[in-house]
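Trainee: Supplied structure: my_file.txt, compact mmCIF, C-alpha atoms.
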```
# COMPACT_ATOMS: atom_id res chain seq x y z
CA MET A 1 89.11 104.33 100.10
CA LYS A 2 89.10 104.31 103.89
CA ALA A 3 90.12 107.98 103.98
CA PHE A 4 87.33 108.89 101.55
CA LEU A 5 84.59 106.94 103.36
CA SER A 6 85.73 108.37 106.69
CA ALA A 7 85.58 111.90 105.28
CA LEU A 8 81.99 111.69 104.00
CA ASP A 9 79.11 113.45 105.70
CA ARG A 10 77.86 110.55 107.81
CA ASP A 11 74.45 110.23 106.17
CA TRP A 12 76.17 109.53 102.83
CA LEU A 13 78.25 106.63 104.19
CA PRO A 14 75.73 103.83 103.41
CA PHE A 15 75.35 104.90 99.76
CA PHE A 16 79.07 105.15 98.99
CA ALA A 17 80.01 102.08 101.08
CA ILE A 18 77.49 99.95 99.17
CA CYS A 19 78.94 101.22 95.88
CA ALA A 20 82.49 100.49 97.05
CA PHE A 21 81.97 96.97 98.38
CA THR A 22 79.28 95.56 96.05
CA GLY A 23 79.97 97.27 92.72
CA LEU A 24 76.34 98.36 92.76
CA ARG A 25 74.99 100.43 89.91
CA ARG A 26 71.81 102.43 90.36
CA GLU A 27 69.81 100.10 88.13
CA ASP A 28 70.93 96.95 89.97
CA LYS A 29 68.45 95.28 92.34
CA LEU A 30 70.16 92.44 94.20
CA GLU A 31 73.71 92.26 95.54
CA GLU A 32 75.63 90.09 98.01
CA ILE A 33 76.75 92.10 101.03
CA PRO A 34 80.23 91.26 102.37
CA ALA A 35 80.77 91.02 106.13
CA ASN A 36 82.66 94.30 106.46
CA LEU A 37 79.87 96.19 104.65
CA ALA A 38 77.25 94.62 106.91
CA LYS A 39 79.12 96.00 109.93
CA ILE A 40 79.42 99.45 108.35
CA LEU A 41 75.69 99.53 107.58
CA LYS A 42 74.52 98.20 110.96
CA PRO A 43 74.16 101.63 112.66
CA PHE A 44 71.97 102.79 109.76
CA VAL A 45 69.54 99.86 109.64
CA ARG A 46 65.85 100.78 109.39
CA LYS A 47 62.68 99.19 108.04
CA SER A 48 62.41 101.07 104.76
CA GLY A 49 63.59 104.05 102.75
CA SER A 50 66.39 105.00 100.43
CA VAL A 51 70.02 104.89 101.59
CA ARG A 52 70.68 107.93 99.42
CA PRO A 53 69.95 111.28 101.09
CA LYS A 54 67.94 113.90 99.24
CA LYS A 55 70.99 116.09 98.73
CA LYS A 56 73.48 116.79 95.99
CA LEU A 57 75.52 113.67 95.26
CA GLN A 58 78.27 115.57 93.43
CA LEU A 59 78.78 117.96 96.33
CA ALA A 60 78.98 115.10 98.84
CA MET A 61 81.64 113.38 96.75
CA GLU A 62 83.66 116.56 96.20
CA THR A 63 83.57 117.52 99.88
CA ALA A 64 84.76 114.10 101.05
CA ALA A 65 87.48 113.92 98.39
CA ALA A 66 88.77 117.34 99.45
CA ARG A 67 88.74 116.34 103.14
CA ALA A 68 90.59 113.12 102.34
CA LYS A 69 93.00 115.03 100.06
CA ILE A 70 92.52 112.68 97.13
CA VAL A 71 91.83 113.25 93.44
CA TRP A 72 88.54 111.66 92.48
CA LYS A 73 88.60 109.42 89.40
CA GLN A 74 85.51 108.62 87.37
CA ASN A 75 83.81 105.33 88.41
CA CYS A 76 86.60 104.61 90.91
CA LEU A 77 84.27 102.88 93.40
CA ARG A 78 83.03 100.28 90.93
CA HIS A 79 86.46 99.92 89.36
CA SER A 80 88.03 99.29 92.78
CA PHE A 81 85.37 96.73 93.66
CA CYS A 82 85.84 94.78 90.42
CA SER A 83 89.63 94.80 90.58
CA TYR A 84 89.80 93.60 94.18
CA ALA A 85 86.95 91.13 93.73
CA VAL A 86 88.65 89.46 90.75
CA ALA A 87 91.84 89.06 92.82
CA LEU A 88 90.04 87.65 95.88
CA LYS A 89 86.98 85.81 94.57
CA GLY A 90 87.70 85.14 90.92
CA LEU A 91 86.22 86.10 87.58
CA GLU A 92 82.97 84.11 87.73
CA TRP A 93 81.81 85.47 91.11
CA THR A 94 82.73 89.02 90.15
CA SER A 95 80.98 88.64 86.79
CA ASP A 96 77.75 87.61 88.53
CA GLN A 97 78.00 90.31 91.19
CA ALA A 98 78.99 93.18 88.91
CA ASP A 99 76.84 92.05 85.96
CA HIS A 100 79.84 92.16 83.62
CA SER A 101 81.00 89.49 81.20
CA ILE A 102 84.24 87.74 82.03
CA ALA A 103 85.68 89.16 78.81
CA ILE A 104 84.99 92.72 79.99
CA LEU A 105 86.45 91.97 83.43
CA LYS A 106 89.62 90.66 81.80
CA ARG A 107 89.80 93.66 79.49
CA ASP A 108 88.98 96.50 81.88
CA TYR A 109 89.27 95.35 85.50
CA ARG A 110 92.07 92.83 85.84
CA GLU A 111 94.64 94.99 87.64
CA VAL A 112 97.90 94.10 89.35
CA VAL A 113 96.20 93.45 92.68
CA THR A 114 97.42 90.92 95.24
CA LYS A 115 95.10 88.66 97.18
CA GLU A 116 96.49 90.14 100.38
CA ASP A 117 95.50 93.68 99.36
CA ALA A 118 92.12 92.44 98.16
CA ALA A 119 91.54 90.75 101.52
CA LYS A 120 92.37 94.04 103.27
CA TYR A 121 89.93 95.88 101.02
CA PHE A 122 87.04 93.55 101.84
CA SER A 123 87.80 93.61 105.57
CA MET A 124 87.90 97.41 105.75
CA LEU A 125 85.86 99.06 108.50
CA VAL A 126 85.15 102.77 108.74
CA THR A 127 84.67 105.18 111.62
CA ASN A 128 82.80 108.24 110.41
CA LYS A 129 81.88 111.18 112.66
CA HIS A 130 81.15 113.91 110.10
CA LEU A 131 77.62 114.91 110.99
CA SER A 132 75.77 116.65 108.19
CA THR A 133 72.72 118.87 108.00
CA LEU A 134 70.64 115.67 108.10
CA LEU A 135 71.88 115.02 111.64
CA GLY A 136 74.02 112.09 110.52
CA ASP A 137 71.31 109.44 110.79
CA MET A 138 69.26 110.10 107.65
CA THR A 139 66.32 111.43 109.63
CA LYS A 140 64.38 114.44 108.46
CA PRO A 141 65.57 117.70 109.99
CA THR A 142 63.06 119.59 112.06
CA ARG A 143 62.22 123.08 110.98
CA PRO A 144 63.00 125.77 113.53
CA LYS A 145 60.00 127.71 114.76
CA ILE A 146 59.75 131.28 113.56
CA ALA A 147 60.13 133.59 116.51
CA GLU A 148 57.22 135.99 116.94
CA THR A 149 58.05 139.68 117.26
CA THR A 150 56.89 141.47 120.38
CA SER A 151 56.59 144.75 118.54
CA PRO A 152 53.28 145.41 116.78
CA ILE A 153 55.06 147.50 114.16
CA ALA A 154 57.94 146.13 112.19
CA LYS A 155 60.83 148.53 111.88
CA LYS A 156 62.07 149.28 108.41
CA SER A 157 65.75 148.77 108.01
CA LYS A 158 67.83 151.36 106.23
CA PRO A 159 68.93 150.39 102.72
CA VAL A 160 72.51 149.26 102.55
CA LYS A 161 74.66 151.10 100.07
CA LYS A 162 76.32 148.86 97.54
CA VAL A 163 80.03 149.33 97.29
CA LYS A 164 81.73 148.31 94.08
CA SER A 165 84.87 146.33 94.74
CA ALA A 166 87.93 146.82 92.59
CA LYS A 167 88.37 144.15 89.93
CA SER A 168 91.19 141.72 90.50
CA SER A 169 93.90 141.46 87.88
CA PRO A 170 94.31 138.23 85.86
CA GLU A 171 97.49 137.46 87.83
CA GLU A 172 95.66 137.92 91.15
CA ASN A 173 92.84 135.66 89.97
CA PHE A 174 95.37 133.03 88.87
CA THR A 175 97.12 133.13 92.26
CA LYS A 176 93.79 132.76 94.04
CA LEU A 177 92.82 129.83 91.81
CA ILE A 178 96.06 127.97 92.59
CA GLU A 179 95.62 128.55 96.34
CA LEU A 180 92.04 127.22 96.23
CA HIS A 181 93.15 124.25 94.13
CA GLU A 182 95.79 123.33 96.71
CA THR A 183 93.52 123.80 99.75
CA LYS A 184 90.08 122.76 98.44
CA GLY A 185 91.00 120.42 95.62
CA PRO A 186 90.16 120.63 91.90
CA VAL A 187 86.72 121.51 90.58
CA PRO A 188 85.59 118.24 88.94
CA PHE A 189 84.61 117.88 85.30
CA ARG A 190 83.41 114.90 83.33
CA PRO A 191 86.43 113.22 81.66
CA THR A 192 84.94 113.90 78.21
CA GLN A 193 84.98 117.65 78.75
CA ARG A 194 87.72 119.82 77.26
CA ASP A 195 87.52 121.99 80.38
CA TYR A 196 89.06 119.17 82.43
CA LYS A 197 92.25 119.43 80.37
CA ARG A 198 92.08 123.22 80.51
CA GLN A 199 91.97 123.12 84.31
CA GLU A 200 94.84 120.63 84.47
CA LYS A 201 96.95 122.89 82.26
CA LEU A 202 96.18 125.88 84.47
CA VAL A 203 97.15 124.29 87.78
CA SER A 204 100.35 122.80 86.36
CA ALA A 205 101.67 126.25 85.41
CA ASP A 206 103.58 128.60 87.72
CA SER A 207 102.20 131.73 86.05
CA LEU A 208 99.79 132.81 83.33
CA SER A 209 102.70 133.74 81.06
CA GLU A 210 103.70 130.05 80.83
CA ILE A 211 100.43 129.08 79.16
CA ALA A 212 100.63 129.03 75.36
CA PHE A 213 97.73 129.53 72.98
CA GLY A 214 96.67 127.77 69.81
CA ASP A 215 96.94 124.20 71.11
CA GLY A 216 93.20 123.61 71.11
CA LEU A 217 92.73 124.49 74.80
CA PHE A 218 92.93 128.28 74.98
CA LYS A 219 92.28 130.54 71.98
CA ASP A 220 93.75 133.74 73.36
CA GLU A 221 94.37 135.75 76.52
CA ALA A 222 90.70 136.71 76.89
CA ASP A 223 89.67 133.06 76.69
CA LEU A 224 92.26 132.12 79.33
CA ASN A 225 91.31 134.89 81.76
CA GLY A 226 87.61 134.18 81.31
CA PHE A 227 88.16 130.52 82.16
CA VAL A 228 90.10 131.43 85.32
CA ARG A 229 87.22 133.64 86.46
CA TRP A 230 84.74 130.85 85.68
CA ILE A 231 86.69 128.35 87.82
CA LEU A 232 86.73 130.85 90.69
CA ARG A 233 82.94 131.22 90.42
CA ARG A 234 82.56 127.43 90.54
CA GLN A 235 84.82 127.31 93.60
CA ALA A 236 82.61 129.93 95.27
CA LYS A 237 79.48 127.90 94.44
CA ARG A 238 81.09 124.78 95.88
CA GLU A 239 81.79 126.62 99.13
CA ALA A 240 78.16 127.79 99.19
CA GLY A 241 76.86 124.29 98.45
CA THR A 242 75.22 125.29 95.19
CA LEU A 243 77.59 123.73 92.67
CA GLU A 244 75.74 121.58 90.15
CA PRO A 245 77.44 118.44 88.81
```
Now that the file is in, can you turn its structure into structure tokens?

Mentor:
Amino acid sequence: MKAFLSALDRDWLPFFAICAFTGLRREDKLEEIPANLAKILKPFVRKSGSVRPKKKLQLAMETAAARAKIVWKQNCLRHSFCSYAVALKGLEWTSDQADHSIAILKRDYREVVTKEDAAKYFSMLVTNKHLSTLLGDMTKPTRPKIAETTSPIAKKSKPVKKVKSAKSSPEENFTKLIELHETKGPVPFRPTQRDYKRQEKLVSADSLSEIAFGDGLFKDEADLNGFVRWILRRQAKREAGTLEP
């Protein structure tokens, strides 16, 4: 958790820290703030406004997870909060804070967590220096002034000839996908999506020839190669900051 929070673009730290240490859901209104969270939030205090930047949440999460070299799990912030809170503060307090019944907490969130580890979790402090395009303090960026041309006549630029690049082979695409997976991390999918399992099967193989068909994941070779190309396009969009969740 500390590695992830430290790897965030700084303007996202308040949002994710609140989620991690209060169990906050977006529809919740009132939460108790633990002492460590108060210290983390202190540099960001202001009179009003949202703690969530007007940027892509999914991209912020993916970028920080890749920097921290961790695999993101669905709802891991709230799950961590509930598990550690039950160990440190008990079922009743956690039930009130997380707005869960005690029965649900016992069923879904009572993990093998020691009080010592829970105490460490709720005393965690974070140093974050990753400045983002919002300047790291959630202020609005200023727009650069457009430089005026000194020439009264704008020069027309010559059209650039488009050069068709040679298509990569399926094996080359597969090798590139594995390299990106190891350096940038996996492209995330919702756990309910079949594509999540398809991606996991891809990255666990040493070559395309190891992947069998007819198991409900890949129909045939064309389906497999098309999926590899699709993952590469999503990786490219993530690098460009245009990947939609």

Trainee: When you look at Lys176 (chain A) with a cut-off of 9 Å (counting all atoms listed in the file), what residues show up, excluding the ones that are within fewer than 5 positions of it in the same chain? I need them as a list of chain:residue names.

Mentor: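 So the residues in contact are A:Glu171, A:His181, A:Leu232.
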
Trainee: I need the chosen residues saved as a JSON list (two decimals), in the frame of the given file, with C-alpha atoms.

Mentor:
```json
[["chain", "number", "residue", "atom", "x", "y", "z"],
["A", 171, "GLU", "CA", 97.49, 137.46, 87.83],
["A", 181, "HIS", "CA", 93.15, 124.25, 94.13],
["A", 232, "LEU", "CA", 86.73, 130.85, 90.69]]
```

Trainee: Take CA of Arg78 (chain A) and CA of Lys47 (chain A) and report the distance between them in Å, one decimal.

Mentor: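 It comes out at 26.6 Å.
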
Trainee: CA of Ile231 (chain A) and CA of Asp9 (chain A) are how many Å apart?

Mentor: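 A separation of 24.5 Å between them.
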
Trainee: Choose the residue, out of A:Lys39, A:Arg198, A:Arg234, A:Lys69, that has the smallest atom-to-atom separation from Leu125 (chain A); count only C-alpha atoms.

Mentor: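 Of the candidates, the smallest distance to Leu125 (chain A) is held by A:Lys39.
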
Trainee: Nearest to Lys42 (chain A): which of A:Ala103, A:Leu24, A:Val126, A:Val71 is it, counting all atoms listed in the file?

Mentor: A:Val126

Trainee: With all atoms listed in the file as the atoms that count, which of A:Val228, A:Ile18, A:Ala240, A:Val203 lies nearest to Leu59 (chain A)?

Mentor: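 Under the stated criterion, the closest residue is A:Ala240.
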
Trainee: May I have the residues within 12 Å of Phe44 (chain A) as number ranges by chain, using all atoms listed in the file and disregarding those fewer than 4 positions away in the same chain?

Mentor: A: 10-15, 17, 37-40, 48-52, 136-139

Trainee: For the atom pair CA of Gly214 (chain A) and CA of Lys73 (chain A), what is the interatomic distance in Å to one decimal place?

Mentor: 28.0 Å

Trainee: Could you tell me which of A:Tyr109, A:Val187, A:Gly226, A:Lys129 comes closest to Gln58 (chain A) if we count all atoms listed in the file?

Mentor: A:Val187

Trainee: Could you tell me which of A:Ala65, A:Leu180, A:Ala222, A:Leu202 comes closest to Gln235 (chain A) if we count all atoms listed in the file?

Mentor: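 Comparing A:Ala65, A:Leu180, A:Ala222, A:Leu202 against Gln235 (chain A), the winner is A:Leu180.
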
Trainee: Find the spatial neighbours of Asn225 (chain A), counting all atoms listed in the file, within a cut-off of 12 Å - ignore same-chain residues fewer than 2 positions away - and output them as number ranges by chain.

Mentor: A: 168-174, 177, 198, 202, 208-209, 211, 218-223, 227-232

Trainee: Give the answer as one residue: which of A:Val112, A:Leu30, A:Ala64, A:Ile104 has the shortest atom-to-atom distance to Met1 (chain A), using all atoms listed in the file?

Mentor: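 Going through A:Val112, A:Leu30, A:Ala64, A:Ile104 one by one, the smallest distance to Met1 (chain A) is for A:Ala64.
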